[in-house]
>>> print(open('work16.cif').read())   # mmCIF, C-alpha atoms
data_data
#
loop_
_atom_site.label_atom_id
_atom_site.label_comp_id
_atom_site.auth_asym_id
_atom_site.auth_seq_id
_atom_site.Cartn_x
_atom_site.Cartn_y
_atom_site.Cartn_z
CA MET A 1 -0.51 -10.58 0.82
CA LYS A 2 1.52 -7.58 -0.21
CA LEU A 3 1.26 -3.83 -0.43
CA GLU A 4 3.94 -2.47 -2.74
CA GLY A 5 5.27 1.06 -2.89
CA VAL A 6 3.89 2.14 0.47
CA PRO A 7 5.08 5.49 1.82
CA ASP A 8 7.71 4.83 4.48
CA LYS A 9 6.20 6.85 7.31
CA PRO A 10 4.76 6.20 10.77
CA GLY A 11 1.21 4.91 11.05
CA ILE A 12 0.89 2.97 7.79
CA ALA A 13 1.35 -0.45 9.40
CA ALA A 14 -1.20 0.54 12.06
CA GLN A 15 -3.75 1.38 9.36
CA VAL A 16 -3.14 -1.85 7.46
CA PHE A 17 -3.08 -4.26 10.37
CA GLY A 18 -5.83 -2.38 12.21
CA ALA A 19 -8.16 -2.96 9.24
CA VAL A 20 -7.14 -6.61 8.98
CA ALA A 21 -7.68 -7.13 12.73
CA LYS A 22 -11.04 -5.36 12.62
CA ALA A 23 -12.15 -7.98 10.08
CA GLY A 24 -11.15 -10.70 12.56
CA ILE A 25 -8.24 -11.93 10.43
CA SER A 26 -5.13 -13.21 12.19
CA VAL A 27 -1.76 -12.44 10.65
CA GLU A 28 0.90 -15.13 10.85
CA LEU A 29 4.13 -13.65 9.46
CA ILE A 30 4.92 -9.99 8.68
CA LEU A 31 7.83 -8.84 6.53
CA GLN A 32 8.66 -5.22 5.75
CA ASN A 33 11.62 -4.01 3.77
CA ALA A 34 13.77 -1.10 4.87
CA GLY A 35 12.49 2.00 3.12
CA VAL A 36 14.28 3.12 -0.03
CA ASN A 37 13.49 6.53 -1.53
CA LYS A 38 10.80 6.93 1.15
CA VAL A 39 8.77 3.88 0.04
CA THR A 40 8.64 0.29 1.26
CA ASP A 41 6.72 -2.95 0.78
CA ILE A 42 4.68 -4.69 3.47
CA SER A 43 4.12 -8.43 3.06
CA PHE A 44 2.31 -10.78 5.39
CA THR A 45 0.63 -14.15 5.52
CA VAL A 46 -2.87 -15.14 6.56
CA ARG A 47 -4.70 -18.45 6.50
CA GLN A 48 -5.86 -19.51 3.04
CA ALA A 49 -9.48 -19.25 4.22
CA ASP A 50 -8.91 -15.52 4.88
CA ALA A 51 -7.11 -14.73 1.62
CA ALA A 52 -10.06 -13.36 -0.37
CA ALA A 53 -11.26 -11.11 2.46
CA THR A 54 -7.73 -9.85 3.08
CA ARG A 55 -7.25 -9.12 -0.62
CA ARG A 56 -10.44 -7.00 -0.58
CA ILE A 57 -9.20 -5.10 2.48
CA LEU A 58 -5.86 -4.34 0.83
CA GLU A 59 -7.55 -3.14 -2.36
CA SER A 60 -9.76 -0.82 -0.31
CA LEU A 61 -6.74 0.51 1.64
CA LYS A 62 -4.39 0.93 -1.31
CA ALA A 63 -5.37 4.52 -2.13
CA ALA A 64 -5.84 5.54 1.51
CA VAL A 65 -2.30 4.57 2.47
CA GLY A 66 -0.77 5.66 -0.84
CA ALA A 67 0.39 2.21 -1.94
CA ARG A 68 1.29 1.63 -5.58
CA LYS A 69 -0.11 -1.91 -5.74
CA ALA A 70 -1.95 -4.54 -3.70
CA ASP A 71 -1.00 -8.10 -4.58
CA SER A 72 -1.22 -11.63 -3.27
CA LEU A 73 0.46 -14.95 -3.73
CA GLU A 74 -1.62 -17.90 -2.70
CA ARG A 75 -1.03 -21.56 -2.11
CA LEU A 76 2.14 -20.96 -0.14
CA TYR A 77 3.61 -23.26 2.47
CA LYS A 78 5.62 -22.30 5.52
CA VAL A 79 8.68 -24.38 6.45
CA GLN A 80 10.54 -23.65 9.65
CA VAL A 81 13.57 -24.63 11.62
CA VAL A 82 12.90 -24.05 15.30
CA GLY A 83 15.20 -24.36 18.29
CA THR A 84 17.26 -22.43 20.78
CA GLY A 85 20.45 -23.45 18.97
CA ILE A 86 19.63 -21.01 16.16
CA LEU A 87 20.55 -18.12 18.43
CA ASN A 88 24.02 -19.50 19.15
CA ASP A 89 24.99 -21.40 15.99
CA PRO A 90 25.06 -19.51 12.68
CA ALA A 91 25.40 -22.79 10.74
CA TYR A 92 21.65 -23.43 10.96
CA VAL A 93 20.84 -20.63 8.53
CA GLY A 94 23.28 -21.81 5.88
CA GLN A 95 22.30 -25.44 6.37
CA MET A 96 18.62 -24.64 5.87
CA PHE A 97 19.17 -22.61 2.71
CA LYS A 98 21.61 -25.16 1.30
CA ALA A 99 19.13 -28.01 1.84
CA LEU A 100 16.30 -26.12 0.15
CA GLY A 101 18.54 -25.02 -2.74
CA GLU A 102 19.79 -28.53 -3.37
CA ALA A 103 16.17 -29.73 -3.41
CA LYS A 104 15.42 -27.04 -6.05
CA VAL A 105 12.93 -25.33 -3.72
CA ASN A 106 12.66 -21.59 -4.38
CA ILE A 107 12.30 -19.45 -1.26
CA LEU A 108 9.74 -16.67 -1.72
CA ALA A 109 10.21 -14.96 1.65
CA ILE A 110 12.32 -15.38 4.78
CA GLY A 111 11.56 -14.36 8.34
CA THR A 112 13.57 -15.00 11.47
CA SER A 113 13.48 -14.68 15.24
CA GLU A 114 15.88 -15.76 17.95
CA VAL A 115 14.58 -19.33 17.83
CA ARG A 116 13.03 -19.71 14.37
CA ILE A 117 13.88 -19.43 10.68
CA THR A 118 10.76 -19.36 8.51
CA CYS A 119 10.70 -19.69 4.73
CA LEU A 120 7.68 -19.37 2.48
CA VAL A 121 7.69 -21.70 -0.50
CA ARG A 122 5.12 -22.66 -3.08
CA GLU A 123 2.66 -25.29 -1.90
CA ALA A 124 3.73 -27.49 -4.84
CA ASP A 125 7.24 -27.62 -3.30
CA GLN A 126 5.97 -28.58 0.16
CA SER A 127 6.93 -32.24 0.06
CA ARG A 128 10.45 -31.62 -1.30
CA ALA A 129 11.03 -28.83 1.22
CA LYS A 130 9.94 -30.96 4.18
CA SER A 131 12.02 -33.92 3.04
CA ALA A 132 15.09 -31.78 2.45
CA LEU A 133 14.89 -30.18 5.89
CA ASN A 134 14.13 -33.47 7.64
CA ASP A 135 17.23 -34.98 5.99
CA ALA A 136 19.43 -31.94 6.65
CA PHE A 137 18.54 -31.75 10.32
CA GLN A 138 18.12 -35.51 10.82
CA VAL A 139 14.54 -35.17 12.05
CA GLY A 140 13.18 -38.55 13.03
CA VAL A 141 16.58 -40.26 12.84
CA ALA A 142 17.20 -42.55 15.81
CA GLY A 143 20.48 -41.81 17.50
#
>>> encode(input="work16.cif", output="structure tokens")
Amino acid sequence: MKLEGVPDKPGIAAQVFGAVAKAGISVELILQNAGVNKVTDISFTVRQADAAATRRILESLKAAVGARKADSLERLYKVQVVGTGILNDPAYVGQMFKALGEAKVNILAIGTSEVRITCLVREADQSRAKSALNDAFQVGVAG
């Protein structure tokens, strides 16, 4: 889900996610760009089962929050690298992106925390993405 061209001012995220929460919809991943020229974009993921309801909420909020456009991409898949080593070893980030690039998997969005790198990819690329990351990080390889 995405609201584009949102005024970059306090309270907008509260309006958006308050309305989504009021509908009983859980948000999984939130991405917001740094504001440029006093506007920003807010993107987030929800379960596929909640996509239609969330899209309706965003359309109803678009004018109220002053967004230019409400949009959605569906049939996405989340791939992640998780572990405490991410915090201390910068090679994980490059290794993840290299593996996905070599597998010809386009990354649509990236989110990180101290112990997790999350990439959204198209559902059609799910198998290649999983295989590439399993190979790159030797998941399931006996040592």
>>> resolve_selection(input="work16.cif", expression="the PyMOL selection byres ((chain A and resi 42) around 10)", output="PyMOL selection string")
chain A and resi 1-6+12-13+16+30-34+40-41+43-44+67+70
>>> closest_residue(input="work16.cif", among="A:Ala99, A:Ile110, A:Val20, A:Leu76", to="Leu133 in chain A", atoms="all atoms listed in the file")
A:Ala99
>>> closest_residue(input="work16.cif", among="A:Thr45, A:Pro10, A:Lys98, A:Ala52", to="Phe137 in chain A", atoms="all atoms listed in the file")
A:Lys98
>>> resolve_selection(input="work16.cif", expression="the PyMOL selection byres ((chain A and resi 135) around 12)", output="JSON, numbers by chain")
{"A": [95, 96, 98, 99, 100, 102, 103, 128, 129, 130, 131, 132, 133, 134, 136, 137, 138, 139, 140, 141]}
>>> write_last_selection(input="work16.cif", atoms="C-alpha atoms", output="JSON list (two decimals), keeping the file's coordinate frame")
[["chain", "number", "residue", "atom", "x", "y", "z"],
["A", 95, "GLN", "CA", 22.30, -25.44, 6.37],
["A", 96, "MET", "CA", 18.62, -24.64, 5.87],
["A", 98, "LYS", "CA", 21.61, -25.16, 1.30],
["A", 99, "ALA", "CA", 19.13, -28.01, 1.84],
["A", 100, "LEU", "CA", 16.30, -26.12, 0.15],
["A", 102, "GLU", "CA", 19.79, -28.53, -3.37],
["A", 103, "ALA", "CA", 16.17, -29.73, -3.41],
["A", 128, "ARG", "CA", 10.45, -31.62, -1.30],
["A", 129, "ALA", "CA", 11.03, -28.83, 1.22],
["A", 130, "LYS", "CA", 9.94, -30.96, 4.18],
["A", 131, "SER", "CA", 12.02, -33.92, 3.04],
["A", 132, "ALA", "CA", 15.09, -31.78, 2.45],
["A", 133, "LEU", "CA", 14.89, -30.18, 5.89],
["A", 134, "ASN", "CA", 14.13, -33.47, 7.64],
["A", 136, "ALA", "CA", 19.43, -31.94, 6.65],
["A", 137, "PHE", "CA", 18.54, -31.75, 10.32],
["A", 138, "GLN", "CA", 18.12, -35.51, 10.82],
["A", 139, "VAL", "CA", 14.54, -35.17, 12.05],
["A", 140, "GLY", "CA", 13.18, -38.55, 13.03],
["A", 141, "VAL", "CA", 16.58, -40.26, 12.84]]
>>> resolve_selection(input="work16.cif", expression="the PyMOL selection byres ((chain A and resi 81) around 10)", output="PyMOL selection string")
chain A and resi 79-80+82-83+86+92-93+96+112+115-119+133-134+137
>>> closest_residue(input="work16.cif", among="A:Asp89, A:Glu74, A:Glu59, A:Asp50", to="Glu123 in chain A", atoms="all atoms listed in the file")
A:Glu74
